[in-house]
>>> print(open('run.csv').read())   # CSV, C-alpha atoms
chain,number,residue,atom,x,y,z
I,1,MET,CA,11.9,54.5,-9.4
I,2,ILE,CA,9.0,52.1,-9.6
I,3,ILE,CA,5.5,53.5,-9.4
I,4,VAL,CA,3.0,51.1,-8.0
I,5,THR,CA,-0.5,51.7,-8.9
I,6,SER,CA,-3.5,50.4,-7.1
I,7,LYS,CA,-4.2,48.0,-10.0
I,8,THR,CA,-0.8,46.3,-9.8
I,9,ALA,CA,-1.0,46.2,-6.1
I,10,THR,CA,-4.4,44.4,-6.4
I,11,LEU,CA,-2.9,41.9,-8.9
I,12,GLN,CA,0.0,41.2,-6.6
I,13,ALA,CA,-2.3,40.7,-3.6
I,14,ARG,CA,-4.5,38.3,-5.6
I,15,ARG,CA,-1.4,36.3,-6.6
I,16,ILE,CA,-0.3,36.0,-3.0
I,17,VAL,CA,-3.8,35.0,-2.0
I,18,ASP,CA,-3.9,32.3,-4.7
I,19,VAL,CA,-0.5,30.9,-3.7
I,20,MET,CA,-1.6,30.8,-0.1
I,21,ALA,CA,-4.9,29.2,-0.9
I,22,ALA,CA,-3.1,26.5,-3.0
I,23,SER,CA,-0.7,25.8,-0.1
I,24,VAL,CA,-3.5,25.5,2.3
I,25,LEU,CA,-5.4,23.2,-0.1
I,26,CYS,CA,-2.3,21.0,-0.5
I,27,ALA,CA,-1.8,20.7,3.2
I,28,ALA,CA,-5.5,19.9,3.8
I,29,MET,CA,-5.4,17.2,1.1
I,30,THR,CA,-2.3,15.7,2.7
I,31,LEU,CA,-4.1,15.5,6.1
I,32,VAL,CA,-7.3,14.1,4.6
I,33,LEU,CA,-5.5,11.4,2.7
I,34,GLY,CA,-3.2,10.5,5.6
I,35,ALA,CA,-5.9,10.5,8.3
I,36,PRO,CA,-8.4,7.7,7.4
I,37,PRO,CA,-6.3,4.8,8.8
I,38,ALA,CA,-6.0,6.6,12.1
I,39,LEU,CA,-9.6,7.7,12.2
I,40,ALA,CA,-10.8,4.2,11.4
I,41,VAL,CA,-9.4,2.9,14.7
I,42,GLU,CA,-10.9,5.7,16.7
I,43,GLN,CA,-14.4,5.6,15.4
I,44,CYS,CA,-15.5,2.5,17.4
I,45,ARG,CA,-15.0,4.2,20.7
I,46,PHE,CA,-17.6,6.9,20.0
I,47,ILE,CA,-20.4,4.4,19.2
I,48,GLN,CA,-23.0,4.6,22.0
I,49,ALA,CA,-24.7,1.2,21.6
I,50,LYS,CA,-22.7,-1.5,23.2
I,51,THR,CA,-23.4,-4.2,20.7
I,52,GLU,CA,-22.6,-2.1,17.8
I,53,ARG,CA,-19.4,-0.8,19.4
I,54,GLU,CA,-18.3,-4.4,20.2
I,55,ALA,CA,-19.1,-5.5,16.6
I,56,CYS,CA,-17.0,-2.6,15.3
I,57,TYR,CA,-14.1,-3.7,17.5
I,58,GLN,CA,-14.4,-7.2,16.3
I,59,ARG,CA,-14.4,-6.1,12.7
I,60,GLN,CA,-11.3,-4.0,13.3
I,61,GLU,CA,-9.6,-6.9,15.1
I,62,ALA,CA,-10.3,-9.3,12.2
I,63,GLU,CA,-8.9,-6.7,9.7
I,64,LEU,CA,-5.8,-6.3,11.7
I,65,ALA,CA,-5.3,-10.0,12.2
I,66,ALA,CA,-5.7,-10.5,8.4
I,67,LYS,CA,-3.0,-7.9,7.8
I,68,ARG,CA,-0.6,-9.4,10.3
I,69,LYS,CA,-1.1,-13.0,9.3
I,70,PRO,CA,1.9,-14.1,7.2
I,71,GLU,CA,1.2,-15.9,4.0
I,72,PRO,CA,1.7,-19.6,4.3
I,73,ARG,CA,5.1,-20.7,3.1
I,74,ARG,CA,5.3,-23.3,0.4
I,75,ASP,CA,7.9,-26.0,0.7
I,76,THR,CA,9.9,-25.1,-2.4
I,77,THR,CA,12.7,-27.6,-1.6
I,78,MET,CA,10.6,-30.6,-2.6
I,79,GLU,CA,9.5,-28.8,-5.8
I,80,ALA,CA,13.1,-28.0,-6.6
I,81,VAL,CA,14.1,-31.6,-6.1
I,82,GLN,CA,11.3,-32.9,-8.3
I,83,GLN,CA,12.3,-30.5,-11.0
I,84,MET,CA,15.9,-31.5,-10.8
I,85,LYS,CA,15.0,-35.2,-11.1
I,86,GLN,CA,12.9,-34.5,-14.2
I,87,GLU,CA,15.8,-32.5,-15.7
I,88,ASP,CA,18.2,-35.3,-14.9
I,89,GLN,CA,16.0,-37.9,-16.5
I,90,ALA,CA,15.6,-35.8,-19.6
I,91,LEU,CA,19.4,-35.4,-19.8
I,92,ASP,CA,20.0,-39.1,-19.2
I,93,ARG,CA,17.7,-39.9,-22.1
I,94,GLN,CA,19.5,-37.5,-24.4
I,95,ILE,CA,22.9,-38.8,-23.4
I,96,HIS,CA,21.8,-42.4,-23.7
I,97,SER,CA,20.6,-41.8,-27.2
I,98,ILE,CA,24.0,-40.3,-28.2
I,99,CYS,CA,26.5,-42.5,-26.3
I,100,ARG,CA,25.9,-46.1,-25.5
I,101,GLY,CA,28.7,-46.5,-22.8
I,102,CYS,CA,31.8,-46.0,-25.0
>>> encode(input="run.csv", output="structure tokens")
Amino acid sequence: MIIVTSKTATLQARRIVDVMAASVLCAAMTLVLGAPPALAVEQCRFIQAKTEREACYQRQEAELAAKRKPEPRRDTTMEAVQQMKQEDQALDRQIHSICRGC
């Protein structure tokens, strides 16, 4: 038979409270870290002054356009062809110095 004293019951209660507090803190941090992108979109709508609100929307639109804009593609085929030509010329020079059309 286990005898539970008030001291051990108090310690157990404190441990339970500590675990619960840590869980709540972890959940709150997850919400805080995940919420800013969603809140950034919503903040413009609550600005009272029309000019400031429109400026906020324009800034957000520019940020979103910059994120959506794909990076310009480089034409790598021409670069590859140039590199192959240079390698071919170097190889021709090496072969020409070894063999003179035997």
>>> residues_around(input="run.csv", residues="Cys44 of chain I", least_positions_apart="6", cutoff="10 Å", atoms="all atoms listed in the file", output="list in words")
Glu52, Arg53, Glu54, Ala55, Cys56, Tyr57, Gln58, Arg59 and Gln60 of chain I
>>> atom_distance(input="run.csv", atom1="atom CA of Glu71 of chain I", atom2="atom CA of Gln43 of chain I")
28.9 Å
>>> atom_distance(input="run.csv", atom1="atom CA of Thr77 of chain I", atom2="atom CA of Gln94 of chain I")
25.8 Å
>>> atom_distance(input="run.csv", atom1="atom CA of Val81 of chain I", atom2="atom CA of Lys69 of chain I")
28.5 Å
